[in-house]
Every structure is written in C-alpha cells, then in structure tokens.
2 protein chains.
Amino acid sequence: MANSELHENVILELRRGVIVLAVLSQLDEEQYGYSLLKRLAEQGLEVDQGTLYPLLRRLEAQGLLESDWRIAEGRPRRYYRISPAGRAMLPALKSEWQNIVQAMERMFKAQTEDI
Amino acid sequence: MANSELHENVILELRRGVIVLAVLSQLDEEQYGYSLLKRLAEQGLEVDQGTLYPLLRRLEAQGLLESDWRIAEGRPRRYYRISPAGRAMLPALKSEWQNIVQAMERMFKAQTEDI
C-alpha cells in the first residue's frame with residue numbers, strides 16, 4: 001500500500017467510529033442524505049456518500065433512525081430522523097464519547113511527560 | 001438484535017476508531033500485548049484482546065509498528081514499539097483527532113441550542 005493511501009485509511013478509520021454518534025446527534029431535525037452530509041461537513045466532519053448512505057440504512061434497520069420518502073423540489077427524497085430508541089441511546093453514547101476524549105487526553109499527556 | 005447488544009455494538013464501534021491512535025501514542029515505550037492492554041485500560045480505554053492483538057499484527061504489517069520476540073519471565077513475548085513510519089504519521093493523526101473532537105463539540109452545542 002502506498003504511504004499516502006495508508007495515511008488516508010488510518011484517518012478514515014479514526015473518523016468512522018464517531019460518524020454514528022455525529023449522525024444521531026444531528027437528526028433531531030430531519031434531514032435527507034445530502035443535506036446531512038453538508039451539515040456534518042459544515043461542522044468539520046467530512047464523510048463521503050459511500051460511507052454515509054449505507055450507514056443511514058443500517059441505523060434505520062437497527063431501529064435507531066426512522067425515515068420516509070417525500071417529494072421535495074420535484075424529486076423524491078428520503079428524510080431521516082432519530083427514533084425514540086436512538087434518542088434513548090444518545091446520552092450513554094455521549095457519555096462514552098466524553099470518556100474516550102478524556103482517555104486520549106491522558107495518553108497524550110503521559111506521552112509528553114515521557115519525553 | 002437485543003437492545004443491550006445493539007447498545008454494546010454501537011459503543012464498541014465508537015471506540016474502535018480511536019484504538020489505532022491510542023496504540024501508536026502508547027508504543028513510544030515498547031510493550032507486549034497484555035501490558036499494552038493494561039496500560040490502555042488504566043488510562044480509561046477498555047479494549048479486548050480479540051480486538052487488540054489482530055490490530056497489533058495489522059499495524060506491523062502496515063509498517064507502523066515493529067516487534068520482536070523476547071524471553072521475559074520465562075516465556076516468549078512479542079514486544080511492539082512504534083516504527084519510524086508510525087512516528088512520522090502520529091502528528092497528522094493527532095491533529096485529525098483534535099479536528100474530530102472539535103467537530104463533535106460543535107455538533108453537541110448546536111443540538112443544545114436547537115432545543
């Protein structure tokens with residue numbers, strides 16, 4: 001694997017885990033795929049369609065999202081929003097996220113002190 | 001899937017992405033699998049062996065870690081440390097991590113303001 005490709009893969013892997021949390025946190029207000037993609041990017045999380053769209057379908061299959069088709073601007077769009085089950089899971093996910101962030105801060109700090 | 005199992009899977013998914021960064025940041029000082037596992041747990045990141053050990057082998061195959069076997073406490077152990085290529089990648093990964101943390105903070109903030 002070329003070095004730049006490896007680099008890109010490791011970055012994508014790092015980002016992938018948080019996308020579920022990002023998506024659930026942003027779907028209080030319903031969005032169709034592309035509007036959600038733009039919203040995530042505006043807030044600093046670049047996700048490509050090939051990652052986001054299958055994830056939306058999976059989260060719906062898992063019962064964490066709900067969706068329906070609607071005609072908007074003359075074309076059918078599938079609008080997603082968080083389900084009651086997704087909403088119920090969100091506080092625990094956010095709390096785990098805070099734990100992870102704190103753990104990483106501790107590790108970086110420990111590493112600096114080693115040097 | 002039972003609700004608690006789904007919950008557990010989403011948590012694991014959230015954690016998985018950061019494990020590569022955590023491992024690279026902790027292998028300045030060489031560690032064998034189990035000592036690394038304990039070190040990560042002490043700093044608040046619980047990872048199971050079934051996740052960590054294959055990851056160590058993959059990161060070595062990708063050239064980001066180096067390892068050798070040594071006899072310690074009467075048994076062979078494989079000691080891992082970060083490679084020069086891993087070390088070269090670390091600043092960019094940390095920087096991407098900071099971007100992700102900031103993006104998530106913005107999203108949670110935006111969500112609170114919506115309510």
# chains A, B, ... in the order shown; residues from 1 in each chain; ligands from 1
>>> residues_around(residues="Gln98 (chain B)", least_positions_apart="4", cutoff="12 Å", atoms="only C-alpha atoms", output="number ranges by chain")
A: 11, 14-15, 44-45, 101, 104-105, 108; B: 18, 21, 91-94, 102-105
>>> residues_around(residues="Ser35 (chain A)", least_positions_apart="3", cutoff="12 Å", atoms="only C-alpha atoms", output="MDAnalysis selection string")
chainID A and resid 23 26:27 29:32 38:42 49 52:53 77:80
>>> write_last_selection(atoms="C-alpha atoms", output="PDB file, in the first residue's frame")
ATOM      1  CA  VAL A  23     -25.407  11.299  12.743  1.00  0.00           C
ATOM      2  CA  GLN A  26     -27.728  15.754  14.134  1.00  0.00           C
ATOM      3  CA  LEU A  27     -31.003  14.017  13.327  1.00  0.00           C
ATOM      4  CA  GLU A  29     -34.188  17.739  12.980  1.00  0.00           C
ATOM      5  CA  GLU A  30     -34.941  15.552   9.944  1.00  0.00           C
ATOM      6  CA  GLN A  31     -32.526  15.619   7.015  1.00  0.00           C
ATOM      7  CA  TYR A  32     -32.157  13.839   3.701  1.00  0.00           C
ATOM      8  CA  LYS A  38     -23.412  19.097   4.136  1.00  0.00           C
ATOM      9  CA  ARG A  39     -24.371  19.719   7.741  1.00  0.00           C
ATOM     10  CA  LEU A  40     -21.680  17.326   9.019  1.00  0.00           C
ATOM     11  CA  ALA A  41     -19.083  18.913   6.708  1.00  0.00           C
ATOM     12  CA  GLU A  42     -20.028  22.427   7.858  1.00  0.00           C
ATOM     13  CA  GLN A  49     -21.654   9.420   0.442  1.00  0.00           C
ATOM     14  CA  LEU A  52     -22.975   7.855   4.997  1.00  0.00           C
ATOM     15  CA  TYR A  53     -25.778   6.370   2.901  1.00  0.00           C
ATOM     16  CA  ARG A  77     -36.098  12.264  -1.091  1.00  0.00           C
ATOM     17  CA  ARG A  78     -35.754  10.014   1.877  1.00  0.00           C
ATOM     18  CA  TYR A  79     -35.857  12.034   5.088  1.00  0.00           C
ATOM     19  CA  TYR A  80     -34.237  10.563   8.202  1.00  0.00           C
TER      20      TYR A  80
END
>>> calpha_fit_and_write(fixed="chain B", moving="chain A", output="short mmCIF file (atom, residue, chain, number, x, y, z; two decimals) with C-alpha atoms, in the first residue's frame")
data_model
loop_
_atom_site.label_atom_id
_atom_site.label_comp_id
_atom_site.auth_asym_id
_atom_site.auth_seq_id
_atom_site.Cartn_x
_atom_site.Cartn_y
_atom_site.Cartn_z
CA MET A 1 -30.62 -7.96 17.90
CA ALA A 2 -31.39 -7.42 21.60
CA ASN A 3 -31.31 -3.79 22.65
CA SER A 4 -28.42 -4.19 25.08
CA GLU A 5 -26.39 -5.98 22.42
CA LEU A 6 -27.07 -3.20 19.92
CA HIS A 7 -26.06 -0.66 22.54
CA GLU A 8 -22.82 -2.53 23.20
CA ASN A 9 -22.06 -2.74 19.46
CA VAL A 10 -22.53 0.98 18.91
CA ILE A 11 -20.24 1.73 21.87
CA LEU A 12 -17.59 -0.67 20.52
CA GLU A 13 -17.83 0.95 17.09
CA LEU A 14 -17.32 4.36 18.66
CA ARG A 15 -14.24 3.13 20.50
CA ARG A 16 -12.72 1.16 17.63
CA GLY A 17 -11.61 4.11 15.55
CA VAL A 18 -9.52 5.65 18.26
CA ILE A 19 -7.71 2.45 19.20
CA VAL A 20 -5.16 2.85 16.39
CA LEU A 21 -4.28 6.33 17.59
CA ALA A 22 -4.19 5.18 21.23
CA VAL A 23 -1.89 2.25 20.38
CA LEU A 24 0.52 4.35 18.31
CA SER A 25 0.66 7.03 21.01
CA GLN A 26 1.46 4.46 23.71
CA LEU A 27 4.16 2.50 21.90
CA ASP A 28 6.97 5.00 22.22
CA GLU A 29 7.95 2.69 25.02
CA GLU A 30 7.80 -0.96 23.92
CA GLN A 31 5.06 -3.17 25.33
CA TYR A 32 3.87 -6.72 24.86
CA GLY A 33 0.18 -7.25 24.12
CA TYR A 34 -1.06 -7.75 27.64
CA SER A 35 0.97 -4.91 29.16
CA LEU A 36 -0.35 -2.57 26.46
CA LEU A 37 -3.91 -3.76 27.16
CA LYS A 38 -3.48 -2.92 30.85
CA ARG A 39 -1.91 0.43 30.06
CA LEU A 40 -4.81 1.42 27.79
CA ALA A 41 -7.34 0.29 30.43
CA GLU A 42 -5.55 2.26 33.16
CA GLN A 43 -5.96 5.37 31.06
CA GLY A 44 -9.63 4.69 30.52
CA LEU A 45 -9.78 2.84 27.19
CA GLU A 46 -11.04 -0.72 27.61
CA VAL A 47 -10.05 -2.86 24.62
CA ASP A 48 -10.41 -6.60 24.48
CA GLN A 49 -7.67 -9.00 23.38
CA GLY A 50 -9.66 -10.12 20.35
CA THR A 51 -9.54 -6.54 19.08
CA LEU A 52 -6.06 -5.52 20.18
CA TYR A 53 -3.94 -8.50 19.12
CA PRO A 54 -5.10 -8.61 15.47
CA LEU A 55 -4.73 -4.81 15.35
CA LEU A 56 -1.10 -5.01 16.52
CA ARG A 57 -0.35 -7.55 13.78
CA ARG A 58 -2.09 -5.42 11.18
CA LEU A 59 -0.26 -2.25 12.21
CA GLU A 60 3.01 -4.13 11.99
CA ALA A 61 2.10 -5.47 8.52
CA GLN A 62 1.32 -1.87 7.52
CA GLY A 63 4.76 -0.80 8.73
CA LEU A 64 3.51 1.41 11.56
CA LEU A 65 4.81 -0.88 14.33
CA GLU A 66 7.88 -3.07 14.75
CA SER A 67 8.17 -6.08 17.00
CA ASP A 68 10.45 -8.82 18.20
CA TRP A 69 10.18 -11.87 20.37
CA ARG A 70 11.98 -11.94 23.68
CA ILE A 71 12.00 -14.29 26.65
CA ALA A 72 10.67 -12.47 29.72
CA GLU A 73 9.69 -14.06 33.03
CA GLY A 74 10.49 -17.47 31.49
CA ARG A 75 8.19 -17.21 28.46
CA PRO A 76 8.38 -15.79 24.95
CA ARG A 77 6.68 -12.46 24.47
CA ARG A 78 6.31 -10.33 21.41
CA TYR A 79 7.28 -6.74 22.18
CA TYR A 80 5.86 -3.98 19.98
CA ARG A 81 7.06 -0.41 19.52
CA ILE A 82 6.22 2.34 17.08
CA SER A 83 8.25 2.32 13.82
CA PRO A 84 9.79 5.42 12.22
CA ALA A 85 6.88 5.43 9.72
CA GLY A 86 4.37 5.25 12.59
CA ARG A 87 6.15 8.05 14.39
CA ALA A 88 6.09 10.14 11.23
CA MET A 89 2.32 9.64 10.90
CA LEU A 90 1.46 10.40 14.52
CA PRO A 91 1.34 14.24 14.39
CA ALA A 92 -1.15 14.21 11.48
CA LEU A 93 -3.30 11.65 13.29
CA LYS A 94 -3.31 13.69 16.48
CA SER A 95 -4.22 16.77 14.51
CA GLU A 96 -7.11 14.93 12.81
CA TRP A 97 -8.20 13.72 16.25
CA GLN A 98 -8.34 17.31 17.52
CA ASN A 99 -10.43 18.22 14.47
CA ILE A 100 -12.87 15.41 15.21
CA VAL A 101 -13.15 16.39 18.88
CA GLN A 102 -13.86 20.00 17.92
CA ALA A 103 -16.41 18.95 15.28
CA MET A 104 -18.26 16.82 17.86
CA GLU A 105 -18.25 19.69 20.35
CA ARG A 106 -19.77 21.97 17.73
CA MET A 107 -22.47 19.39 16.96
CA PHE A 108 -23.43 18.86 20.59
CA LYS A 109 -23.52 22.61 21.11
CA ALA A 110 -25.69 23.14 18.01
CA GLN A 111 -28.04 20.41 19.25
CA THR A 112 -28.41 22.02 22.69
CA GLU A 113 -29.19 25.37 21.07
CA ASP A 114 -31.91 23.75 18.92
CA ILE A 115 -33.85 22.60 21.99
#
>>> select_by_dssp(residues="chain A", states="strand (DSSP E or B)", output="PyMOL selection string")
chain A and resi 31-32+65-72+75-82
>>> write_last_selection(atoms="N, CA and C atoms", output="CSV table (one decimal), in the first residue's frame")
chain,number,residue,atom,x,y,z
A,31,GLN,N,-33.4,15.2,8.1
A,31,GLN,CA,-32.5,15.6,7.0
A,31,GLN,C,-32.6,14.5,6.0
A,32,TYR,N,-32.4,14.9,4.7
A,32,TYR,CA,-32.2,13.8,3.7
A,32,TYR,C,-30.6,13.7,3.6
A,65,LEU,N,-32.9,5.0,13.7
A,65,LEU,CA,-33.4,6.1,12.9
A,65,LEU,C,-34.7,5.6,12.3
A,66,GLU,N,-35.5,6.6,11.9
A,66,GLU,CA,-36.8,6.4,11.1
A,66,GLU,C,-36.7,7.2,9.8
A,67,SER,N,-37.4,6.8,8.8
A,67,SER,CA,-37.3,7.6,7.6
A,67,SER,C,-38.6,7.5,6.8
A,68,ASP,N,-38.9,8.5,6.0
A,68,ASP,CA,-39.9,8.3,5.0
A,68,ASP,C,-39.6,9.1,3.7
A,69,TRP,N,-40.2,8.7,2.6
A,69,TRP,CA,-40.0,9.3,1.4
A,69,TRP,C,-40.9,10.5,1.3
A,70,ARG,N,-40.4,11.6,0.7
A,70,ARG,CA,-41.2,12.8,0.4
A,70,ARG,C,-40.8,13.4,-0.9
A,71,ILE,N,-41.7,14.1,-1.6
A,71,ILE,CA,-41.3,14.8,-2.8
A,71,ILE,C,-40.9,16.2,-2.4
A,72,ALA,N,-39.7,16.6,-2.7
A,72,ALA,CA,-39.2,17.9,-2.3
A,72,ALA,C,-38.4,18.5,-3.5
A,75,ARG,N,-38.5,16.2,-6.6
A,75,ARG,CA,-38.0,14.8,-6.6
A,75,ARG,C,-38.1,14.1,-5.3
A,76,PRO,N,-38.2,12.8,-5.4
A,76,PRO,CA,-38.3,12.0,-4.1
A,76,PRO,C,-37.1,12.0,-3.3
A,77,ARG,N,-37.3,12.3,-2.0
A,77,ARG,CA,-36.1,12.3,-1.1
A,77,ARG,C,-36.5,11.5,0.2
A,78,ARG,N,-35.5,10.8,0.6
A,78,ARG,CA,-35.8,10.0,1.9
A,78,ARG,C,-35.3,10.8,3.1
A,79,TYR,N,-36.2,11.2,3.9
A,79,TYR,CA,-35.9,12.0,5.1
A,79,TYR,C,-35.7,11.1,6.3
A,80,TYR,N,-34.6,11.3,7.0
A,80,TYR,CA,-34.2,10.6,8.2
A,80,TYR,C,-34.3,11.4,9.4
A,81,ARG,N,-34.8,10.8,10.5
A,81,ARG,CA,-34.7,11.5,11.8
A,81,ARG,C,-34.4,10.4,12.9
A,82,ILE,N,-34.0,10.9,14.0
A,82,ILE,CA,-33.7,9.9,15.1
A,82,ILE,C,-35.0,9.3,15.6
